[in-house]
Amino acid sequence: MKYRTIGKDPRTRREVSVLSLGAMLFGTATDEPTSFAILDRFVEAGGTFIDTSNNYAFWKTGGQGGESEAVLGRWRRSRGITDEVVIATKVGARPLAPGTSFVDNAEGLSGKVIRESAERSRERLGVEKLDLLYAHIEDPVVPLAETVESFAGLVAEGTVGLLGVSNHWAWRVERARALAAAAGLPGYEVLQYHHSYLRRRTDLPGVLSPDGDHAAVGGDLLSYLRAEPELALVAYTPLLSGAYVRADRPLGPRYDHAGTPVRLAALGEVAEETGASVNQVVLSWLIGGEIPVIPLVGASSVEQLEDSLAAVDLELTADQRAKLDAAAGP
Ligand SMILES: NC(=O)c1ccc[n+]([C@@H]2O[C@H](COP(=O)([O-])OP(=O)(O)OC[C@H]3O[C@@H](n4cnc5c(N)ncnc54)[C@H](OP(=O)(O)O)[C@@H]3O)[C@@H](O)[C@H]2O)c1
């Protein structure tokens, strides 16, 4: 395994594995023994960065989520895991009632919700302190200052370590960080978005914004990250749910643009040259890029995880990287 640091402040920054494991479906689609086996293998291989949320996986149960955090809590306790593994979780997108969704009935990011939901997450995970807490989705109603101050309050009282943000327009991230900086408060340091080698169309209306898809990394965010190298980018769904390697997982209309075949061709060539799988080339490209990215992979079996773990040791040559970088669409 290889490691890197997330966060800048020496009091809160953490060292994490360059590959992160997503626990989204643990405890629902993936049963508990299988989840434990995947988690054990990840840690055995040196993995120290795990991702969940307080709303995982409400859509699998018709409930409000929390199953994934609860499985992680039982796994931590049964294995005696303490500080050596960083477990990130998220608040803000938990549906307020069973049978509803974050699209029109999310808990949001008020001070009250942030405090109470973080407390529930700590209970389910069985920890005194959440290592990393993200704002899962934007709250268009609550003033940003309230959200910023509430997250900072949890850091000040010691119940949260690092702060992160997911699925926000880049300008909202910058505004929140500017508010925090002006008030001398800790701000978001870890950004979690969908990102992979193939780029999806960002002009189609997103699930949460009529202005486009702000859940996927686009030019605005890349430019922001280049300017703020101390921020860390965590890329969710980097394997496109298996679509790179599985005929049963079509890419869908968001990848229906001129850049996709060009990128797929470059990917195929590099995979053949290296003898690695296409998934591994994608993960290695993300990890070792000019803007280093932490891929956040899902796995429903130990075998799938093994395939992703091997990507950490795949070193692309400068030529291979240049070929992949150059294969942009129009
Ligand atoms: N911030 C957010 O809004 C957000 C949104 C989505 C996800 N996430 C986080 O990101 C994590 C990963 O998301 P994801 O599961 O969508 O990512 P992903 O890594 O793109 O997809 C994982 C899925 O791909 C398939 N797969 C993986 N390795 C494979 C292999 N070697 N061969 C064939 N198929 C393979 C499996 O599907 P099957 O299990 O069906 O076989 C697996 O469950 C989640 O657990 C969650 O923590 C965050």
# chains A, B, ... in the order shown; residues from 1 in each chain; ligands from 1
>>> residues_near_ligand(ligand="ligand 1", cutoff="7 Å", atoms="only C-alpha atoms and all ligand atoms", output="ChimeraX atom specification")
/A:21-25,51-52,136,166-167,192-194,236-242,245-246,279,296-300,304-305,307-308
>>> write_last_selection(atoms="N, CA and C atoms", output="compact mmCIF listing (two decimals), in the first residue's frame")
# COMPACT_ATOMS: atom_id res chain seq x y z
N LEU A 21 -11.87 2.54 0.45
CA LEU A 21 -12.90 1.51 0.26
C LEU A 21 -14.27 2.07 0.63
N GLY A 22 -15.22 1.94 -0.27
CA GLY A 22 -16.59 2.39 -0.01
C GLY A 22 -17.41 1.28 0.63
N ALA A 23 -18.13 1.65 1.69
CA ALA A 23 -18.95 0.67 2.44
C ALA A 23 -20.43 0.90 2.21
N MET A 24 -20.75 1.61 1.13
CA MET A 24 -22.13 2.06 0.89
C MET A 24 -23.17 0.94 0.99
N LEU A 25 -22.84 -0.22 0.43
CA LEU A 25 -23.84 -1.28 0.38
C LEU A 25 -23.62 -2.36 1.44
N ASP A 51 -15.08 4.64 3.61
CA ASP A 51 -16.10 5.67 3.40
C ASP A 51 -17.51 5.13 3.64
N THR A 52 -18.31 5.94 4.34
CA THR A 52 -19.71 5.60 4.52
C THR A 52 -20.52 6.88 4.58
N HIS A 136 -22.86 16.10 2.68
CA HIS A 136 -23.08 15.15 1.59
C HIS A 136 -23.60 15.82 0.31
N SER A 166 -19.12 17.22 -0.41
CA SER A 166 -19.39 16.38 -1.56
C SER A 166 -20.53 16.98 -2.38
N ASN A 167 -20.46 16.81 -3.68
CA ASN A 167 -21.58 17.16 -4.56
C ASN A 167 -22.03 18.62 -4.43
N GLN A 192 -15.20 15.36 -2.12
CA GLN A 192 -15.58 14.05 -2.67
C GLN A 192 -16.60 14.24 -3.79
N TYR A 193 -16.19 13.81 -4.97
CA TYR A 193 -17.03 13.95 -6.17
C TYR A 193 -16.93 12.69 -7.00
N HIS A 194 -17.88 12.54 -7.94
CA HIS A 194 -17.69 11.45 -8.91
C HIS A 194 -16.56 11.84 -9.86
N TYR A 236 -15.45 9.24 -6.10
CA TYR A 236 -16.35 8.10 -5.92
C TYR A 236 -16.81 7.53 -7.27
N THR A 237 -17.22 6.27 -7.22
CA THR A 237 -17.63 5.51 -8.42
C THR A 237 -16.58 5.61 -9.53
N PRO A 238 -15.30 5.40 -9.21
CA PRO A 238 -14.26 5.52 -10.23
C PRO A 238 -14.30 4.38 -11.25
N LEU A 239 -14.91 3.25 -10.86
CA LEU A 239 -14.99 2.11 -11.78
C LEU A 239 -16.29 2.14 -12.58
N LEU A 240 -17.02 3.23 -12.45
CA LEU A 240 -18.32 3.36 -13.15
C LEU A 240 -19.19 2.14 -12.90
N SER A 241 -19.20 1.72 -11.64
CA SER A 241 -20.02 0.57 -11.18
C SER A 241 -19.70 -0.71 -11.92
N GLY A 242 -18.52 -0.80 -12.51
CA GLY A 242 -18.12 -2.01 -13.23
C GLY A 242 -18.23 -1.86 -14.74
N VAL A 245 -15.58 -2.90 -17.53
CA VAL A 245 -15.22 -4.29 -17.81
C VAL A 245 -16.43 -5.21 -17.96
N ARG A 246 -17.64 -4.66 -17.86
CA ARG A 246 -18.81 -5.54 -17.88
C ARG A 246 -19.85 -5.11 -18.89
N ASN A 279 -9.70 -1.54 -15.35
CA ASN A 279 -9.98 -0.91 -14.05
C ASN A 279 -8.69 -0.46 -13.37
N LEU A 296 -12.16 5.99 -4.65
CA LEU A 296 -13.00 5.41 -3.60
C LEU A 296 -13.82 4.31 -4.26
N VAL A 297 -13.32 3.07 -4.11
CA VAL A 297 -13.91 1.96 -4.86
C VAL A 297 -14.94 1.20 -4.03
N GLY A 298 -15.90 0.64 -4.73
CA GLY A 298 -16.84 -0.29 -4.13
C GLY A 298 -16.43 -1.70 -4.48
N ALA A 299 -16.87 -2.66 -3.68
CA ALA A 299 -16.61 -4.08 -3.97
C ALA A 299 -17.68 -4.89 -3.26
N SER A 300 -18.21 -5.89 -3.96
CA SER A 300 -19.18 -6.77 -3.30
C SER A 300 -18.59 -8.16 -3.08
N GLN A 304 -13.21 -8.80 -6.20
CA GLN A 304 -13.27 -7.46 -6.81
C GLN A 304 -12.29 -6.52 -6.11
N LEU A 305 -12.23 -6.60 -4.80
CA LEU A 305 -11.30 -5.74 -4.06
C LEU A 305 -9.86 -6.04 -4.45
N ASP A 307 -8.66 -7.02 -7.20
CA ASP A 307 -8.38 -6.43 -8.50
C ASP A 307 -8.05 -4.94 -8.34
N SER A 308 -8.80 -4.26 -7.49
CA SER A 308 -8.55 -2.83 -7.27
C SER A 308 -7.26 -2.60 -6.49
>>> residues_around(residues="A:Val282", least_positions_apart="2", cutoff="10 Å", atoms="only C-alpha atoms", output="PyMOL selection string")
chain A and resi 196-198+238-239+244+267+270-271+277-280+284-287+295+308+311+324
>>> write_last_selection(atoms="C-alpha atoms", output="compact mmCIF listing (two decimals), in the first residue's frame")
# COMPACT_ATOMS: atom_id res chain seq x y z
CA SER A 196 -12.99 8.60 -13.30
CA TYR A 197 -11.00 8.40 -16.53
CA LEU A 198 -14.06 8.73 -18.74
CA PRO A 238 -14.26 5.52 -10.23
CA LEU A 239 -14.99 2.11 -11.78
CA TYR A 244 -15.38 -0.51 -17.92
CA LEU A 267 -7.34 2.95 -22.12
CA VAL A 270 -2.42 1.09 -22.19
CA ALA A 271 -4.10 -1.89 -20.56
CA SER A 277 -6.94 -4.69 -16.29
CA VAL A 278 -8.72 -1.60 -17.59
CA ASN A 279 -9.98 -0.91 -14.05
CA GLN A 280 -6.42 -0.99 -12.74
CA SER A 284 -3.46 4.04 -11.31
CA TRP A 285 -4.07 7.03 -13.61
CA LEU A 286 -6.14 8.70 -10.89
CA ILE A 287 -3.70 7.99 -8.06
CA PRO A 295 -10.12 6.59 -5.79
CA SER A 308 -8.55 -2.83 -7.27
CA ALA A 311 -3.74 -1.05 -9.07
CA LEU A 324 -4.07 8.78 -21.50
>>> select_by_dssp(residues="stretch 77-298 of chain A", states="strand (DSSP E)", output="ChimeraX atom specification")
/A:86-91,130-135,160-166,190-194,232-236,293-297
>>> residues_around(residues="A:Arg74", least_positions_apart="3", cutoff="9 Å", atoms="only C-alpha atoms", output="ChimeraX atom specification")
/A:69-71,77-79,124-126
>>> write_last_selection(atoms="C-alpha atoms", output="tab-separated table (two decimals), in the first residue's frame")
chain	number	residue	atom	x	y	z
A	69	GLU	CA	-22.39	2.72	9.61
A	70	ALA	CA	-23.79	0.06	11.93
A	71	VAL	CA	-21.88	-2.72	10.14
A	77	ARG	CA	-15.48	-3.41	17.74
A	78	SER	CA	-15.02	-7.06	16.81
A	79	ARG	CA	-11.57	-6.40	15.30
A	124	ARG	CA	-23.63	3.75	15.09
A	125	LEU	CA	-19.89	3.73	14.40
A	126	GLY	CA	-19.10	3.41	18.11
>>> select_by_dssp(residues="stretch 38-284 of chain A", states="alpha helix (DSSP H)", output="VMD selection string")
chain A and resid 38 to 44 58 to 61 67 to 79 102 to 105 111 to 125 144 to 157 170 to 182 219 to 227 259 to 274 278 to 284
>>> write_last_selection(atoms="C-alpha atoms", output="compact mmCIF listing (two decimals), in the first residue's frame")
# COMPACT_ATOMS: atom_id res chain seq x y z
CA ILE A 38 -13.85 -7.34 2.36
CA LEU A 39 -12.97 -4.98 5.22
CA ASP A 40 -10.51 -7.48 6.71
CA ARG A 41 -8.77 -7.95 3.38
CA PHE A 42 -8.59 -4.19 2.82
CA VAL A 43 -6.91 -3.62 6.18
CA GLU A 44 -4.64 -6.63 5.71
CA PHE A 58 -31.80 3.92 2.47
CA TRP A 59 -32.81 3.09 -1.10
CA LYS A 60 -32.13 -0.60 -0.54
CA THR A 61 -34.40 -0.87 2.49
CA GLU A 67 -27.04 0.12 8.03
CA SER A 68 -23.56 0.71 6.59
CA GLU A 69 -22.39 2.72 9.61
CA ALA A 70 -23.79 0.06 11.93
CA VAL A 71 -21.88 -2.72 10.14
CA LEU A 72 -18.69 -0.68 10.32
CA GLY A 73 -19.30 -0.12 14.03
CA ARG A 74 -19.68 -3.86 14.68
CA TRP A 75 -16.63 -4.64 12.53
CA ARG A 76 -14.50 -2.03 14.36
CA ARG A 77 -15.48 -3.41 17.74
CA SER A 78 -15.02 -7.06 16.81
CA ARG A 79 -11.57 -6.40 15.30
CA PHE A 102 -32.70 13.07 -0.47
CA VAL A 103 -33.93 14.60 -3.71
CA ASP A 104 -36.95 16.29 -2.14
CA ASN A 105 -36.83 15.41 1.57
CA GLY A 111 -26.88 23.54 12.83
CA LYS A 112 -29.40 21.31 14.58
CA VAL A 113 -29.20 18.57 11.93
CA ILE A 114 -25.41 18.62 11.76
CA ARG A 115 -25.12 18.29 15.54
CA GLU A 116 -27.79 15.60 15.94
CA SER A 117 -26.87 13.56 12.88
CA ALA A 118 -23.17 13.57 13.77
CA GLU A 119 -24.11 12.31 17.23
CA ARG A 120 -26.16 9.44 15.72
CA SER A 121 -23.28 8.56 13.37
CA ARG A 122 -20.88 8.42 16.32
CA GLU A 123 -23.26 6.06 18.09
CA ARG A 124 -23.63 3.75 15.09
CA LEU A 125 -19.89 3.73 14.40
CA LEU A 144 -23.83 28.80 4.45
CA ALA A 145 -22.49 30.60 7.54
CA GLU A 146 -24.71 28.47 9.79
CA THR A 147 -23.44 25.27 8.18
CA VAL A 148 -19.80 26.39 8.35
CA GLU A 149 -20.06 27.42 12.02
CA SER A 150 -21.84 24.20 12.98
CA PHE A 151 -19.24 21.93 11.40
CA ALA A 152 -16.45 24.00 12.99
CA GLY A 153 -18.21 23.72 16.35
CA LEU A 154 -17.93 19.92 16.20
CA VAL A 155 -14.20 20.18 15.43
CA ALA A 156 -13.76 22.60 18.35
CA GLU A 157 -15.48 20.25 20.79
CA ALA A 170 -17.20 24.64 -6.80
CA TRP A 171 -18.23 28.23 -6.00
CA ARG A 172 -20.21 27.06 -2.96
CA VAL A 173 -17.16 25.15 -1.69
CA GLU A 174 -14.98 28.21 -2.13
CA ARG A 175 -17.54 30.47 -0.46
CA ALA A 176 -17.87 28.12 2.52
CA ARG A 177 -14.09 27.89 2.85
CA ALA A 178 -13.75 31.66 2.59
CA LEU A 179 -16.37 32.15 5.33
CA ALA A 180 -14.52 29.69 7.55
CA ALA A 181 -11.13 31.29 6.88
CA ALA A 182 -12.46 34.79 7.57
CA GLY A 219 -13.19 22.02 -15.24
CA ASP A 220 -14.17 24.41 -12.44
CA LEU A 221 -13.28 21.93 -9.76
CA LEU A 222 -10.04 20.81 -11.42
CA SER A 223 -8.94 24.42 -11.72
CA TYR A 224 -9.82 24.99 -8.06
CA LEU A 225 -7.84 21.93 -6.95
CA ARG A 226 -4.84 23.01 -9.01
CA ALA A 227 -4.90 26.37 -7.26
CA GLY A 259 -14.71 12.00 -25.92
CA THR A 260 -15.75 8.53 -24.79
CA PRO A 261 -14.52 6.35 -27.69
CA VAL A 262 -11.22 8.25 -27.84
CA ARG A 263 -10.61 7.69 -24.14
CA LEU A 264 -11.71 4.05 -24.28
CA ALA A 265 -9.27 3.42 -27.13
CA ALA A 266 -6.35 4.93 -25.18
CA LEU A 267 -7.34 2.95 -22.12
CA GLY A 268 -7.45 -0.29 -24.09
CA GLU A 269 -4.00 0.36 -25.57
CA VAL A 270 -2.42 1.09 -22.19
CA ALA A 271 -4.10 -1.89 -20.56
CA GLU A 272 -2.71 -4.15 -23.29
CA GLU A 273 0.79 -2.66 -22.97
CA THR A 274 0.87 -3.08 -19.19
CA VAL A 278 -8.72 -1.60 -17.59
CA ASN A 279 -9.98 -0.91 -14.05
CA GLN A 280 -6.42 -0.99 -12.74
CA VAL A 281 -5.21 1.46 -15.40
CA VAL A 282 -8.04 3.85 -14.47
CA LEU A 283 -7.20 3.66 -10.75
CA SER A 284 -3.46 4.04 -11.31
>>> closest_residue(among="A:Ile6, A:Val127, A:Ala215, A:Ile50", to="A:Arg199", atoms="only C-alpha atoms")
A:Ala215
>>> closest_residue(among="A:Ser301, A:Glu290, A:Val85, A:Leu130", to="A:Ser35", atoms="only C-alpha atoms")
A:Ser301
>>> residues_around(residues="A:Glu84", least_positions_apart="3", cutoff="10 Å", atoms="only C-alpha atoms", output="VMD selection string")
chain A and resid 14 to 16 43 47 to 49 81 87
>>> atom_distance(atom1="atom CA of A:Gly289", atom2="atom CA of A:Glu230")
14.9 Å
